[in-house]
Structure formats: structure tokens, C-alpha cells
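Just upload06.txt here, compact mmCIF, N, CA and C atoms:
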```
# COMPACT_ATOMS: atom_id res chain seq x y z
N MET A 13 -33.41 19.67 -12.56
CA MET A 13 -33.13 19.09 -11.27
C MET A 13 -31.97 19.81 -10.59
N TRP A 14 -30.82 19.93 -11.30
CA TRP A 14 -29.68 20.65 -10.75
C TRP A 14 -29.72 22.09 -11.24
N LYS A 15 -29.39 22.99 -10.33
CA LYS A 15 -29.37 24.39 -10.71
C LYS A 15 -28.06 24.73 -11.38
N GLN A 16 -28.15 25.55 -12.38
CA GLN A 16 -26.94 26.02 -13.06
C GLN A 16 -26.21 26.99 -12.13
N ARG A 17 -24.91 27.00 -12.20
CA ARG A 17 -24.13 27.94 -11.39
C ARG A 17 -24.16 29.31 -12.07
N ARG A 18 -24.37 30.31 -11.28
CA ARG A 18 -24.32 31.66 -11.82
C ARG A 18 -22.93 32.24 -11.67
N LYS A 19 -22.29 31.91 -10.53
CA LYS A 19 -20.93 32.36 -10.27
C LYS A 19 -20.06 31.11 -10.13
N PRO A 20 -18.82 31.20 -10.50
CA PRO A 20 -17.97 30.01 -10.43
C PRO A 20 -17.68 29.53 -9.01
N HIS A 21 -17.83 30.38 -8.01
CA HIS A 21 -17.48 29.98 -6.64
C HIS A 21 -18.68 30.08 -5.70
N GLU A 22 -19.84 29.64 -6.15
CA GLU A 22 -21.02 29.70 -5.29
C GLU A 22 -21.03 28.62 -4.23
N GLY A 23 -20.24 27.61 -4.37
CA GLY A 23 -20.24 26.51 -3.40
C GLY A 23 -20.26 25.18 -4.11
N TRP A 24 -20.31 24.15 -3.31
CA TRP A 24 -20.27 22.79 -3.86
C TRP A 24 -21.67 22.33 -4.22
N LEU A 25 -21.79 21.79 -5.39
CA LEU A 25 -23.03 21.14 -5.78
C LEU A 25 -22.83 19.64 -5.63
N LEU A 26 -23.90 18.88 -5.66
CA LEU A 26 -23.83 17.44 -5.43
C LEU A 26 -22.86 16.74 -6.37
N PRO A 27 -22.87 16.99 -7.68
CA PRO A 27 -21.89 16.30 -8.54
C PRO A 27 -20.44 16.59 -8.16
N ASP A 28 -20.15 17.81 -7.75
CA ASP A 28 -18.81 18.16 -7.31
C ASP A 28 -18.43 17.38 -6.05
N ALA A 29 -19.37 17.29 -5.12
CA ALA A 29 -19.12 16.57 -3.88
C ALA A 29 -18.91 15.08 -4.16
N LEU A 30 -19.70 14.51 -5.05
CA LEU A 30 -19.54 13.09 -5.38
C LEU A 30 -18.22 12.83 -6.07
N LEU A 31 -17.81 13.74 -6.93
CA LEU A 31 -16.52 13.61 -7.58
C LEU A 31 -15.39 13.68 -6.56
N ALA A 32 -15.47 14.63 -5.64
CA ALA A 32 -14.44 14.76 -4.60
C ALA A 32 -14.41 13.51 -3.73
N LEU A 33 -15.58 13.00 -3.37
CA LEU A 33 -15.65 11.80 -2.54
C LEU A 33 -15.06 10.59 -3.27
N SER A 34 -15.32 10.47 -4.54
CA SER A 34 -14.77 9.34 -5.29
C SER A 34 -13.26 9.45 -5.41
N ILE A 35 -12.73 10.66 -5.54
CA ILE A 35 -11.28 10.85 -5.59
C ILE A 35 -10.65 10.48 -4.25
N VAL A 36 -11.27 10.89 -3.17
CA VAL A 36 -10.76 10.54 -1.84
C VAL A 36 -10.81 9.03 -1.63
N ALA A 37 -11.92 8.40 -2.00
CA ALA A 37 -12.05 6.95 -1.84
C ALA A 37 -11.00 6.21 -2.67
N LEU A 38 -10.78 6.64 -3.88
CA LEU A 38 -9.77 6.02 -4.74
C LEU A 38 -8.37 6.18 -4.14
N THR A 39 -8.10 7.34 -3.60
CA THR A 39 -6.79 7.58 -2.96
C THR A 39 -6.60 6.66 -1.76
N VAL A 40 -7.64 6.49 -0.96
CA VAL A 40 -7.55 5.61 0.21
C VAL A 40 -7.32 4.16 -0.23
N ILE A 41 -8.05 3.73 -1.24
CA ILE A 41 -7.91 2.35 -1.73
C ILE A 41 -6.51 2.12 -2.28
N LEU A 42 -6.00 3.06 -3.06
CA LEU A 42 -4.64 2.91 -3.59
C LEU A 42 -3.59 2.90 -2.49
N ALA A 43 -3.77 3.73 -1.47
CA ALA A 43 -2.83 3.75 -0.35
C ALA A 43 -2.85 2.42 0.39
N GLN A 44 -4.04 1.86 0.59
CA GLN A 44 -4.15 0.56 1.25
C GLN A 44 -3.45 -0.52 0.44
N GLN A 45 -3.62 -0.49 -0.87
CA GLN A 45 -2.97 -1.49 -1.72
C GLN A 45 -1.45 -1.36 -1.66
N VAL A 46 -0.95 -0.14 -1.64
CA VAL A 46 0.50 0.06 -1.54
C VAL A 46 1.01 -0.49 -0.21
N ILE A 47 0.30 -0.22 0.86
CA ILE A 47 0.71 -0.71 2.18
C ILE A 47 0.70 -2.23 2.22
N LEU A 48 -0.37 -2.85 1.71
CA LEU A 48 -0.46 -4.32 1.72
C LEU A 48 0.64 -4.95 0.87
N THR A 49 0.90 -4.37 -0.29
CA THR A 49 1.96 -4.89 -1.16
C THR A 49 3.32 -4.75 -0.50
N THR A 50 3.57 -3.61 0.12
CA THR A 50 4.83 -3.38 0.80
C THR A 50 5.02 -4.37 1.94
N GLN A 51 3.96 -4.61 2.71
CA GLN A 51 4.04 -5.57 3.81
C GLN A 51 4.32 -6.98 3.29
N ARG A 52 3.66 -7.34 2.20
CA ARG A 52 3.86 -8.68 1.64
C ARG A 52 5.30 -8.85 1.15
N LEU A 53 5.81 -7.85 0.46
CA LEU A 53 7.19 -7.92 -0.02
C LEU A 53 8.18 -7.97 1.13
N GLU A 54 7.90 -7.25 2.20
CA GLU A 54 8.78 -7.26 3.37
C GLU A 54 8.78 -8.64 4.02
N ARG A 55 7.61 -9.29 4.12
CA ARG A 55 7.55 -10.65 4.66
C ARG A 55 8.36 -11.63 3.81
N VAL A 56 8.26 -11.50 2.49
CA VAL A 56 9.03 -12.37 1.59
C VAL A 56 10.52 -12.13 1.78
N ARG A 57 10.92 -10.86 1.87
CA ARG A 57 12.33 -10.54 2.06
C ARG A 57 12.85 -11.08 3.39
N GLU A 58 12.06 -10.93 4.45
CA GLU A 58 12.47 -11.44 5.76
C GLU A 58 12.61 -12.96 5.74
N ARG A 59 11.70 -13.63 5.05
CA ARG A 59 11.77 -15.09 4.96
C ARG A 59 13.04 -15.52 4.21
N GLU A 60 13.34 -14.83 3.11
CA GLU A 60 14.55 -15.16 2.36
C GLU A 60 15.80 -14.92 3.20
N LEU A 61 15.84 -13.84 3.96
CA LEU A 61 16.97 -13.58 4.83
C LEU A 61 17.10 -14.64 5.91
N ARG A 62 15.97 -15.03 6.49
CA ARG A 62 15.98 -16.06 7.53
C ARG A 62 16.50 -17.39 6.98
N LEU A 63 16.05 -17.76 5.78
CA LEU A 63 16.53 -19.00 5.16
C LEU A 63 18.02 -18.93 4.85
N ALA A 64 18.49 -17.76 4.39
CA ALA A 64 19.91 -17.59 4.10
C ALA A 64 20.73 -17.69 5.39
N ARG A 65 20.23 -17.12 6.48
CA ARG A 65 20.95 -17.21 7.76
C ARG A 65 21.04 -18.66 8.24
N VAL A 66 19.93 -19.38 8.11
CA VAL A 66 19.93 -20.79 8.54
C VAL A 66 20.90 -21.59 7.69
N ALA A 67 20.91 -21.38 6.38
CA ALA A 67 21.84 -22.09 5.50
C ALA A 67 23.28 -21.75 5.86
N HIS A 68 23.53 -20.49 6.15
CA HIS A 68 24.88 -20.08 6.54
C HIS A 68 25.28 -20.72 7.86
N ASP A 69 24.36 -20.75 8.81
CA ASP A 69 24.65 -21.39 10.10
C ASP A 69 24.95 -22.87 9.92
N HIS A 70 24.18 -23.55 9.09
CA HIS A 70 24.42 -24.98 8.85
C HIS A 70 25.78 -25.20 8.20
N ALA A 71 26.12 -24.35 7.25
CA ALA A 71 27.43 -24.46 6.59
C ALA A 71 28.56 -24.21 7.59
N LEU A 72 28.37 -23.26 8.47
CA LEU A 72 29.38 -22.96 9.48
C LEU A 72 29.55 -24.13 10.47
N VAL A 73 28.45 -24.71 10.90
CA VAL A 73 28.51 -25.85 11.82
C VAL A 73 29.20 -27.02 11.12
N ALA A 74 28.87 -27.25 9.86
CA ALA A 74 29.49 -28.35 9.11
C ALA A 74 30.98 -28.13 8.98
N SER A 75 31.41 -26.89 8.71
CA SER A 75 32.84 -26.63 8.57
C SER A 75 33.57 -26.76 9.92
N LEU A 76 32.91 -26.42 11.00
CA LEU A 76 33.53 -26.56 12.32
C LEU A 76 33.67 -28.03 12.71
N ARG A 77 32.73 -28.84 12.30
CA ARG A 77 32.79 -30.27 12.60
C ARG A 77 33.93 -30.94 11.84
N ARG A 78 34.22 -30.43 10.64
CA ARG A 78 35.28 -31.02 9.84
C ARG A 78 36.67 -30.69 10.37
N SER A 79 36.79 -29.56 11.05
CA SER A 79 38.12 -29.16 11.50
C SER A 79 38.46 -29.69 12.87
```
Rewrite the coordinates I just gave you, this time as C-alpha cells.
Amino acid sequence: MWKQRRKPHEGWLLPDALLALSIVALTVILAQQVILTTQRLERVRERELRLARVAHDHALVASLRRS
């Protein structure tokens, strides 16, 4: 079914193309996962910072009321 290569650089055969395509697809999937994970971690970090700011503001208002 598949022809044997006579020279090492005759061109791409179907198995080579499928292998290259699978490598590209895997790279794209991994890149997407890294982006999604980074975005999720950034949202968590922003939420923690926002909560810390609110707590700090409340503490500041409470201390101003006492004085």
C-alpha cells in the first residue's frame, strides 16, 4: 500500500504528514491548556487581592471611627 522510500528526502508520505499533524495538534492543545490555567489562576489572584483590599478598607474605616 505504502511505497518504500528510495531516497531519504523524496518528500512527505502520509504517515509522516499524520505524525506532523498530530504533533501540531498536541502543541495547540497544550498551549490552550496553559492559557486557560493561567487565566484561571489570574482570576483567583485578582479575587484574593480584591478581598484583601476590602478587608483593609473595612479595618481602616473601623480605626477612623474609633479615633
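For the pair atom CA of A:Ile35 and atom CA of A:Glu54, the interatomic distance is 28.5 Å.
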Output as a ChimeraX atom specification all residues of chain A that backbone DSSP marks as alpha helix (DSSP H). /A:26-78
Take atom C of A:Leu33 and atom C of A:Thr49 and report the distance between them in Å, one decimal. 24.1 Å
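One distance worth recording is that between atom CA of A:Arg59 and atom CA of A:Val46, which is 20.0 Å.
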